[in-house]
Amino acid sequence: MRARSVVVVLYEGVQSLDVTGPVEVFAGAGAAAGQPGAYRVTTASPGGGPVRSHSGLRLLPDADLAEVGPVHTLLVPGGLGSGIPDGALVARIRELAGRAERVVSVCTGAFLLAEAGLLAGRRATTHWAYCEELARRFPDVEVDPDPIHVRDGNVATSAGVTAGIDLALALVEEDLGRDAALLIARHLVVFLRRPGNQAQFSTQLAAQVAVRQPLREVQRWIAEHPEADLSVEALAHRAALSPRHFARAFATEVGVTPGRYVDGVRLEAARRLLEDTADGIEEIARSCGYGTPEAMRRAFVRSLAASPAEYRRRFRPDPVGGH
């Protein structure tokens with residue numbers, strides 16, 4: 001079997017975890033799948049010299065970026081150095097990408113791809129904190145701030161740091177099959193469970209924490225009791241406010257309406273149970289406040305484009321009933 005050449009671009013100010021996370025996935029995937037020659041990983045920098053990551057870690061590349069050969073997967077990590085791109089580096093990325101079978105960025109590596117013209121007319125993502133800047137600087141890029149990774153043709157972009165591992169696992173699954181990706185995920189003690197369209201933040205992290213204590217208590221109550229009556233009226237009573245005042249105050253302080261917040265919390269609770277337990281679909285639907293499996297199915301299809309059963313099949317680390 002011909003080894004897939006993975007070239008990882010290094011430059012001054014690179015984020016070290018954006019480099020080492022995907023490298024560990026590709027380096028270990030072949031061996032985990034019984035195909036030790038599946039990938040040939042090469043790190044390369046302009047001139048071939050060592051670089052400093054933005055945390056100060058010194059990285060010694062394998063090769064000069066100008067001299068790397070045929071590329072199957074070109075991986076461009078992020079880091080502070082991507083904010084002030086070197087023209088020669090961008091030109092070389094553009095040149096290598098033109099011959100690569102697929103091009104991948106991690107975190108703010110998307111800025112280097114955009115500088116090289118590789119994201120024009122494409123859908124892409126990056127770290128949530130830089131999505132607005134990416135959209136502003138490159139209006140020809142359709143920036144989606146929500147997913148942890150996005151694939152558009154042969155170009156894939158991902159969110160911050162650990163999302164690069166998720167994307168690398170998805171590419172291994174594409175190349176070598178689900179079993180290989182699951183094996184290396186277990187070896188690295190991460191879960192093969194996050195679909196690309198999963199939000200970068202959980203509902204609780206994405207939303208603001210309310211300023212007023214009664215509203216913060218309501219947020220905590222929702223998270224701890226997804227099965228309860230979480231109507232506006234019930235939540236307003238708990239906060240000792242009128243329904244109208246509660247709904248307006250919650251939306252102002254939290255950033256989303258009570259209904260959308262509850263929907264997000266229930267979906268996350270159901271996903272965790274599907275991933276981490278062998279509980280039946282009907283039991284999970286009831287314990288997460290959906291009432292019926294059909295109501296939960298509609299919520300999953302609407303938000304994740306997958307039924308609960310399909311979600312469990314794809315993203316639970318161990319099959320139900322497995323060992």
# chains A, B, ... in the order shown; residues from 1 in each chain; ligands from 1

$ closest_atom_pairs --of "segment 102-139 of chain A" --to "segment 5-9 of chain A" --cutoff "12 Å" --atoms "only C-alpha atoms" --output "CSV"
residue,atom,partner,partner_atom,distance
A:Arg102,CA,A:Val6,CA,9.7
A:Val103,CA,A:Val7,CA,9.8
A:Val104,CA,A:Val8,CA,9.5
A:Ser105,CA,A:Val8,CA,9.7
A:Val106,CA,A:Val8,CA,10.6
A:Gly109,CA,A:Val9,CA,9.6
A:Leu112,CA,A:Val9,CA,10.6
A:Leu113,CA,A:Val9,CA,11.6

$ residues_around --residues "Arg286 of chain A" --least-positions-apart "3" --cutoff "10 Å" --atoms "only C-alpha atoms" --output "VMD selection string"
chain A and resid 226 to 228 270 281 to 283 289 to 293 296

$ select_by_dssp --residues "segment 58-244 of chain A" --states "strand (DSSP E)" --output "ChimeraX atom specification"
/A:58-59,63-64,73-76,102-105,123-124,142-143,149-152,155-158

$ closest_atom_pairs --of "segment 125-234 of chain A" --to "segment 26-38 of chain A" --cutoff "12 Å" --atoms "only C-alpha atoms" --output "CSV"
residue,atom,partner,partner_atom,distance
A:Gly164,CA,A:Phe26,CA,11.5
A:Ile165,CA,A:Phe26,CA,9.6
A:Asp166,CA,A:Phe26,CA,11.7
A:Leu167,CA,A:Phe26,CA,10.9
A:Ala168,CA,A:Phe26,CA,7.1
A:Leu169,CA,A:Phe26,CA,8.2
A:Ala170,CA,A:Phe26,CA,10.9
A:Leu171,CA,A:Phe26,CA,9.1
A:Val172,CA,A:Ala29,CA,7.1
A:Glu173,CA,A:Ala29,CA,9.5
A:Glu174,CA,A:Ala29,CA,11.9
A:Asp175,CA,A:Ala38,CA,9.0
A:Leu176,CA,A:Ala33,CA,7.7
A:Gly177,CA,A:Ala33,CA,9.0
A:Arg178,CA,A:Ala33,CA,9.9
A:Asp179,CA,A:Ala33,CA,7.5
A:Ala180,CA,A:Ala33,CA,4.7
A:Ala181,CA,A:Ala29,CA,6.7
A:Leu182,CA,A:Ala32,CA,9.1
A:Leu183,CA,A:Ala32,CA,5.9
A:Ile184,CA,A:Ala29,CA,5.4
A:Ala185,CA,A:Ala29,CA,8.7
A:Arg186,CA,A:Ala32,CA,9.8
A:His187,CA,A:Ala32,CA,8.2
A:Leu188,CA,A:Gly28,CA,9.0

$ write_last_selection --atoms "C-alpha atoms" --output "JSON list (two decimals), in the first residue's frame"
[["chain", "number", "residue", "atom", "x", "y", "z"],
["A", 164, "GLY", "CA", -7.47, 19.43, 14.92],
["A", 165, "ILE", "CA", -7.44, 15.99, 16.53],
["A", 166, "ASP", "CA", -11.13, 15.53, 15.70],
["A", 167, "LEU", "CA", -10.47, 16.46, 12.08],
["A", 168, "ALA", "CA", -7.43, 14.19, 11.84],
["A", 169, "LEU", "CA", -9.51, 11.30, 13.22],
["A", 170, "ALA", "CA", -12.20, 12.04, 10.62],
["A", 171, "LEU", "CA", -9.59, 11.89, 7.86],
["A", 172, "VAL", "CA", -8.18, 8.62, 9.21],
["A", 173, "GLU", "CA", -11.70, 7.19, 9.23],
["A", 174, "GLU", "CA", -12.07, 8.29, 5.61],
["A", 175, "ASP", "CA", -8.75, 6.68, 4.63],
["A", 176, "LEU", "CA", -8.56, 3.53, 6.76],
["A", 177, "GLY", "CA", -12.08, 3.00, 8.09],
["A", 178, "ARG", "CA", -13.88, 3.59, 11.36],
["A", 179, "ASP", "CA", -12.14, 0.78, 13.23],
["A", 180, "ALA", "CA", -8.70, 2.29, 12.60],
["A", 181, "ALA", "CA", -9.84, 5.72, 13.75],
["A", 182, "LEU", "CA", -11.47, 4.24, 16.83],
["A", 183, "LEU", "CA", -8.30, 2.33, 17.74],
["A", 184, "ILE", "CA", -6.06, 5.37, 17.58],
["A", 185, "ALA", "CA", -8.66, 7.47, 19.41],
["A", 186, "ARG", "CA", -8.64, 4.96, 22.26],
["A", 187, "HIS", "CA", -4.86, 4.86, 22.25],
["A", 188, "LEU", "CA", -4.73, 8.64, 22.62]]

$ select_by_dssp --residues "segment 69-306 of chain A" --states "alpha helix (DSSP H)" --output "PyMOL selection string"
chain A and resi 87-99+109-115+131-137+162-176+178-187+203-206+213-224+232-239+243-254+258-276+281-287+293-304

$ residues_around --residues "Asp64 of chain A" --least-positions-apart "4" --cutoff "6 Å" --atoms "only C-alpha atoms" --output "number ranges by chain"
A: 44-48

$ atom_distance --atom1 "atom CA of Thr252 of chain A" --atom2 "atom CA of Ala210 of chain A"
8.6 Å
